[in-house]
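What follows is the content of coords-v1.cif, which has mmCIF, C-alpha atoms:
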data_model
#
loop_
_atom_site.label_atom_id
_atom_site.label_comp_id
_atom_site.auth_asym_id
_atom_site.auth_seq_id
_atom_site.Cartn_x
_atom_site.Cartn_y
_atom_site.Cartn_z
CA ALA P 1 -29.71 -25.33 7.73
CA THR P 2 -32.86 -23.42 8.55
CA ALA P 3 -34.22 -21.79 11.69
CA SER P 4 -37.73 -21.25 13.01
CA ASP P 5 -38.91 -17.95 14.40
CA VAL P 6 -41.48 -17.52 17.22
CA VAL P 7 -44.52 -18.11 15.00
CA GLY P 8 -43.16 -21.27 13.43
CA GLU P 9 -42.15 -19.93 10.02
CA THR P 10 -39.03 -21.31 8.40
CA LEU P 11 -36.32 -18.74 7.77
CA PRO P 12 -33.70 -19.06 5.02
CA ASP P 13 -30.13 -20.05 5.78
CA ILE P 14 -28.11 -16.85 6.22
CA GLY P 15 -24.73 -18.50 6.60
CA SER P 16 -22.39 -18.08 9.51
CA ILE P 17 -22.03 -14.92 11.51
CA GLU P 18 -18.69 -14.16 13.11
CA ARG P 19 -18.39 -12.02 16.20
CA ALA P 20 -15.37 -9.79 16.61
CA SER P 21 -13.21 -10.64 19.57
CA ALA P 22 -13.51 -8.67 22.78
CA ALA P 23 -9.94 -7.49 22.19
CA ALA P 24 -11.15 -5.35 19.28
CA THR P 25 -12.00 -2.38 21.48
CA ALA P 26 -11.87 1.20 20.28
CA ALA P 27 -8.80 3.29 20.90
CA ILE P 28 -7.97 6.96 20.36
CA VAL P 29 -4.85 8.49 18.85
CA GLU P 30 -3.91 12.17 19.02
CA VAL P 31 -1.23 13.89 16.91
CA THR P 32 -0.42 17.62 16.90
CA LEU P 33 1.25 19.19 13.86
CA ASP P 34 3.14 22.45 14.33
CA GLU P 35 3.31 25.34 11.85
CA SER P 36 6.34 24.02 9.96
CA GLN P 37 4.71 20.58 9.56
CA MET P 38 1.51 22.26 8.29
CA ASN P 39 3.53 24.33 5.80
CA ALA P 40 5.19 21.15 4.44
CA LEU P 41 2.19 18.79 4.65
CA ASN P 42 1.79 18.75 0.87
CA SER P 43 5.29 17.29 0.40
CA THR P 44 5.67 15.27 3.62
CA GLU P 45 2.76 13.25 4.98
CA ILE P 46 2.58 12.74 8.72
CA THR P 47 1.86 9.35 10.26
CA ILE P 48 -1.11 9.50 12.62
CA LEU P 49 -0.91 5.82 13.56
CA ALA P 50 1.82 3.35 12.57
CA ALA P 51 1.05 0.18 10.61
CA GLN P 52 -0.18 -2.54 12.96
CA GLY P 53 1.40 -5.64 11.38
CA ALA P 54 0.65 -8.30 8.79
CA GLY P 55 -3.06 -8.71 8.10
CA LYS P 56 -4.04 -5.88 10.46
CA VAL P 57 -6.14 -2.95 9.20
CA ILE P 58 -6.64 0.38 10.97
CA VAL P 59 -10.38 1.14 10.81
CA PRO P 60 -11.06 4.78 11.81
CA THR P 61 -14.50 5.24 13.35
CA SER P 62 -14.57 9.01 13.91
CA GLY P 63 -12.30 11.99 14.03
CA MET P 64 -11.89 15.68 14.86
CA LEU P 65 -9.44 18.37 13.82
CA PHE P 66 -8.64 21.23 16.19
CA ILE P 67 -7.09 24.00 14.07
CA ASP P 68 -5.23 26.93 15.62
CA ARG P 69 -5.17 29.43 12.77
CA ASP P 70 -2.82 32.38 12.58
CA GLY P 71 -4.88 35.51 13.25
CA SER P 72 -3.22 37.65 10.59
CA THR P 73 -2.53 35.32 7.65
CA ALA P 74 -5.39 33.80 5.65
CA GLN P 75 -5.15 30.34 4.09
CA SER P 76 -5.80 31.52 0.52
CA ASN P 77 -5.00 28.42 -1.54
CA SER P 78 -8.36 27.19 -2.87
CA ALA P 79 -6.70 24.10 -4.39
CA CYS P 80 -5.56 22.78 -0.99
CA ASP P 81 -7.39 19.54 -0.07
CA LEU P 82 -6.79 17.43 3.06
CA PHE P 83 -6.64 13.63 2.99
CA ILE P 84 -6.48 11.13 5.83
CA SER P 85 -5.75 7.75 4.30
CA TRP P 86 -3.63 4.63 4.44
CA ASN P 87 0.02 5.13 3.54
CA GLY P 88 0.00 8.74 2.34
CA GLY P 89 -2.55 8.30 -0.41
CA TYR P 90 -4.47 11.25 -1.74
CA ALA P 91 -6.37 9.86 -4.69
CA SER P 92 -10.14 9.63 -4.53
CA ASN P 93 -9.98 5.83 -4.46
CA ASN P 94 -7.84 5.38 -1.36
CA ASN P 95 -8.75 7.95 1.27
CA ILE P 96 -10.83 7.62 4.40
CA TYR P 97 -11.44 11.29 5.26
CA TYR P 98 -11.37 14.16 2.77
CA ILE P 99 -11.83 17.92 3.16
CA ARG P 100 -12.00 19.93 -0.05
CA ARG P 101 -10.52 23.45 0.02
CA PHE P 102 -9.10 22.92 3.48
CA MET P 103 -9.41 26.10 5.61
CA TYR P 104 -9.80 28.22 2.47
CA ASN P 105 -10.49 31.84 3.55
CA GLU P 106 -11.55 30.71 7.03
CA GLY P 107 -11.08 33.31 9.72
CA GLY P 108 -10.25 32.21 13.23
CA ASP P 109 -9.70 28.86 14.88
CA ARG P 110 -11.86 25.90 13.90
CA ILE P 111 -12.94 22.46 15.07
CA TRP P 112 -13.83 20.13 12.20
CA HIS P 113 -15.70 16.86 12.58
CA LEU P 114 -14.32 14.45 10.01
CA GLN P 115 -16.82 12.84 7.65
CA HIS P 116 -16.01 9.47 6.12
CA TYR P 117 -15.40 9.73 2.41
CA ALA P 118 -18.28 8.09 0.53
CA GLY P 119 -16.36 5.97 -1.90
CA GLU P 120 -13.89 3.17 -2.20
CA THR P 121 -10.95 3.11 0.15
CA GLY P 122 -8.97 0.35 -1.53
CA GLN P 123 -8.82 -1.48 -4.81
CA SER P 124 -8.16 -4.89 -3.29
CA LEU P 125 -9.35 -6.80 -0.23
CA THR P 126 -5.94 -6.31 1.38
CA ALA P 127 -5.36 -2.64 0.48
CA GLY P 128 -5.37 -1.58 4.15
CA ASP P 129 -3.32 -4.47 5.51
CA ASN P 130 -0.25 -3.34 7.45
CA GLN P 131 -0.61 0.29 6.30
CA PRO P 132 -0.09 3.38 8.48
CA LEU P 133 -2.85 5.97 8.84
CA THR P 134 -1.51 9.27 7.50
CA VAL P 135 -2.51 12.88 6.83
CA LYS P 136 -1.45 14.83 3.74
CA LEU P 137 -2.40 17.88 1.68
CA ASP P 138 -2.41 17.80 -2.12
CA SER P 139 -1.06 21.37 -2.33
CA ALA P 140 0.49 23.76 0.16
CA VAL P 141 -1.43 25.89 2.63
CA THR P 142 -0.53 29.58 2.59
CA SER P 143 2.71 29.70 4.56
CA GLY P 144 2.16 30.70 8.18
CA SER P 145 -1.65 30.58 7.98
CA ILE P 146 -2.05 27.70 10.45
CA ASP P 147 -0.13 27.70 13.73
CA SER P 148 -1.01 24.09 14.62
CA MET P 149 -3.52 21.32 14.03
CA LYS P 150 -4.44 18.57 16.49
CA ILE P 151 -5.84 15.39 14.90
CA VAL P 152 -7.90 13.10 17.14
CA ILE P 153 -9.03 9.78 15.64
CA SER P 154 -10.91 6.90 17.25
CA TYR P 155 -10.23 3.55 15.61
CA HIS P 156 -10.33 -0.22 15.76
CA ILE P 157 -7.71 -2.69 14.55
CA TYR P 158 -9.28 -5.32 12.34
CA ASP P 159 -7.63 -8.71 11.78
CA ASN P 160 -7.95 -9.22 8.03
CA SER P 161 -5.85 -12.40 7.92
#
As structure tokens:
Amino acid sequence: ATASDVVGETLPDIGSIERASAAATAAIVEVTLDESQMNALNSTEITILAAQGAGKVIVPTSGMLFIDRDGSTAQSNSACDLFISWNGGYASNNNIYYIRRFMYNEGGDRIWHLQHYAGETGQSLTAGDNQPLTVKLDSAVTSGSIDSMKIVISYHIYDNS
């Protein structure tokens, strides 16, 4: 099929366009990690948002971290990277947000705006289906350097069925 624009030219067929349902409105989730959770975040990921069911994908749209740093202890591990991904992943091919050298030698409290990772998030068309959104570190922060971290993520749930 073709369509005509206002000056009478014929436009090529662009196929069908689907509109997302009105039920796909944005939501916000907030999770606060305490000092002990921060100290163990390299060995135990924390679920930010639970899996949403078969064929459903959590699609984060933006995020912020509010970090209450301990005033006397520096985070001195330069190999500590932060990953927000589906299902506890922390490889470069399955994360959504990534911060290299997380809080390394930062003094004082911080608010970080999360930047989407420019790369692939999954290695199949169903990689995000029914997966929780999690946060994890790939190595430990300096023990006691972060008193707490609040994670605030806005997201949509996409029906990938």
task: Quick one: everything within 8 Å of P:Gly63, counting only C-alpha atoms, minus sequence neighbours fewer than 2 positions away in the same chain. Send it as JSON, numbers by chain.
output: {"P": [60, 61, 65, 113, 114, 115, 151, 152, 153, 154]}
Could you take the residues named above and write them with C-alpha atoms, as a PDB file, in the coordinates of the input?
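Writing done, so here's selection.pdb:
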ATOM      1  CA  PRO P  60     -11.060   4.780  11.810  1.00  0.00           C
ATOM      2  CA  THR P  61     -14.500   5.240  13.350  1.00  0.00           C
ATOM      3  CA  LEU P  65      -9.440  18.370  13.820  1.00  0.00           C
ATOM      4  CA  HIS P 113     -15.700  16.860  12.580  1.00  0.00           C
ATOM      5  CA  LEU P 114     -14.320  14.450  10.010  1.00  0.00           C
ATOM      6  CA  GLN P 115     -16.820  12.840   7.650  1.00  0.00           C
ATOM      7  CA  ILE P 151      -5.840  15.390  14.900  1.00  0.00           C
ATOM      8  CA  VAL P 152      -7.900  13.100  17.140  1.00  0.00           C
ATOM      9  CA  ILE P 153      -9.030   9.780  15.640  1.00  0.00           C
ATOM     10  CA  SER P 154     -10.910   6.900  17.250  1.00  0.00           C
TER      11      SER P 154
END
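Counting all atoms listed in the file, P:Asn95 has the following residues at most 10 Å away, ignoring those fewer than 2 positions along the same chain: Leu82, Phe83, Ile84, Ser85, Trp86, Asn87, Gly88, Gly89, Tyr90, Ala91, Ser92, Asn93, Tyr97, Tyr98, His116, Tyr117, Ala118, Gly119, Glu120, Thr121, Gly122, Leu133, Thr134 and Val135 of chain P.
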task: Might you spell out which residues the PyMOL selection byres ((chain P and resi 71) around 12) would select in the displayed file, as a count of residues only?
output: 18
field: Reference answer for the PyMOL selection byres ((chain P and resi 126) around 9), as a PyMOL selection string
entry: chain P and resi 55+57+122-125+127-130+160-161
Writing out the chosen residues with C-alpha atoms as a compact mmCIF listing (two decimals), in the coordinates of the input:
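part.txt, written as the output of this step:
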# COMPACT_ATOMS: atom_id res chain seq x y z
CA GLY P 55 -3.06 -8.71 8.10
CA VAL P 57 -6.14 -2.95 9.20
CA GLY P 122 -8.97 0.35 -1.53
CA GLN P 123 -8.82 -1.48 -4.81
CA SER P 124 -8.16 -4.89 -3.29
CA LEU P 125 -9.35 -6.80 -0.23
CA ALA P 127 -5.36 -2.64 0.48
CA GLY P 128 -5.37 -1.58 4.15
CA ASP P 129 -3.32 -4.47 5.51
CA ASN P 130 -0.25 -3.34 7.45
CA ASN P 160 -7.95 -9.22 8.03
CA SER P 161 -5.85 -12.40 7.92
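Closest to P:Ile99 among P:Pro132, P:Ala27, P:Tyr155, P:Leu137 is P:Leu137, based on all atoms listed in the file.
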query: If you measure from atom CA of P:Asp34 to atom CA of P:Ile46, what distance in Å do you get, rounded to one decimal?
result: 11.2 Å
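Atom CA of P:Ser143 is positioned 10.9 Å from atom CA of P:Leu41.
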- request: Using atom CA of P:Leu33 and atom CA of P:Glu45 as the two end points, give the distance in Å to one decimal.
  value: 10.8 Å
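Excluding P:Arg100 and any residue on its chain fewer than 2 positions from it, the residues at most 9 Å away by only C-alpha atoms are Ser78, Ala79, Cys80, Asp81, Leu82, Phe83, Tyr98, Phe102, Met103 and Tyr104 of chain P.
When all atoms listed in the file are used to compute distances to P:Val31, the closest of the residues P:Arg101, P:Gln131, P:Lys150, P:Tyr158 turns out to be P:Lys150.
For the choices P:Ser76, P:Gln52, P:Asn94, P:Ser43, the atom-to-atom distance to P:Val141 is smallest for P:Ser76 when using all atoms listed in the file.
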All file atoms of stretch 54-71 of chain P boxed axis-aligned, 3 Å per side, centre plus edges, as lines of an AutoDock Vina configuration file:
center_x = -7.0
center_y = 13.4
center_z = 12.1
size_x = 21.2
size_y = 50.2
size_z = 14.1
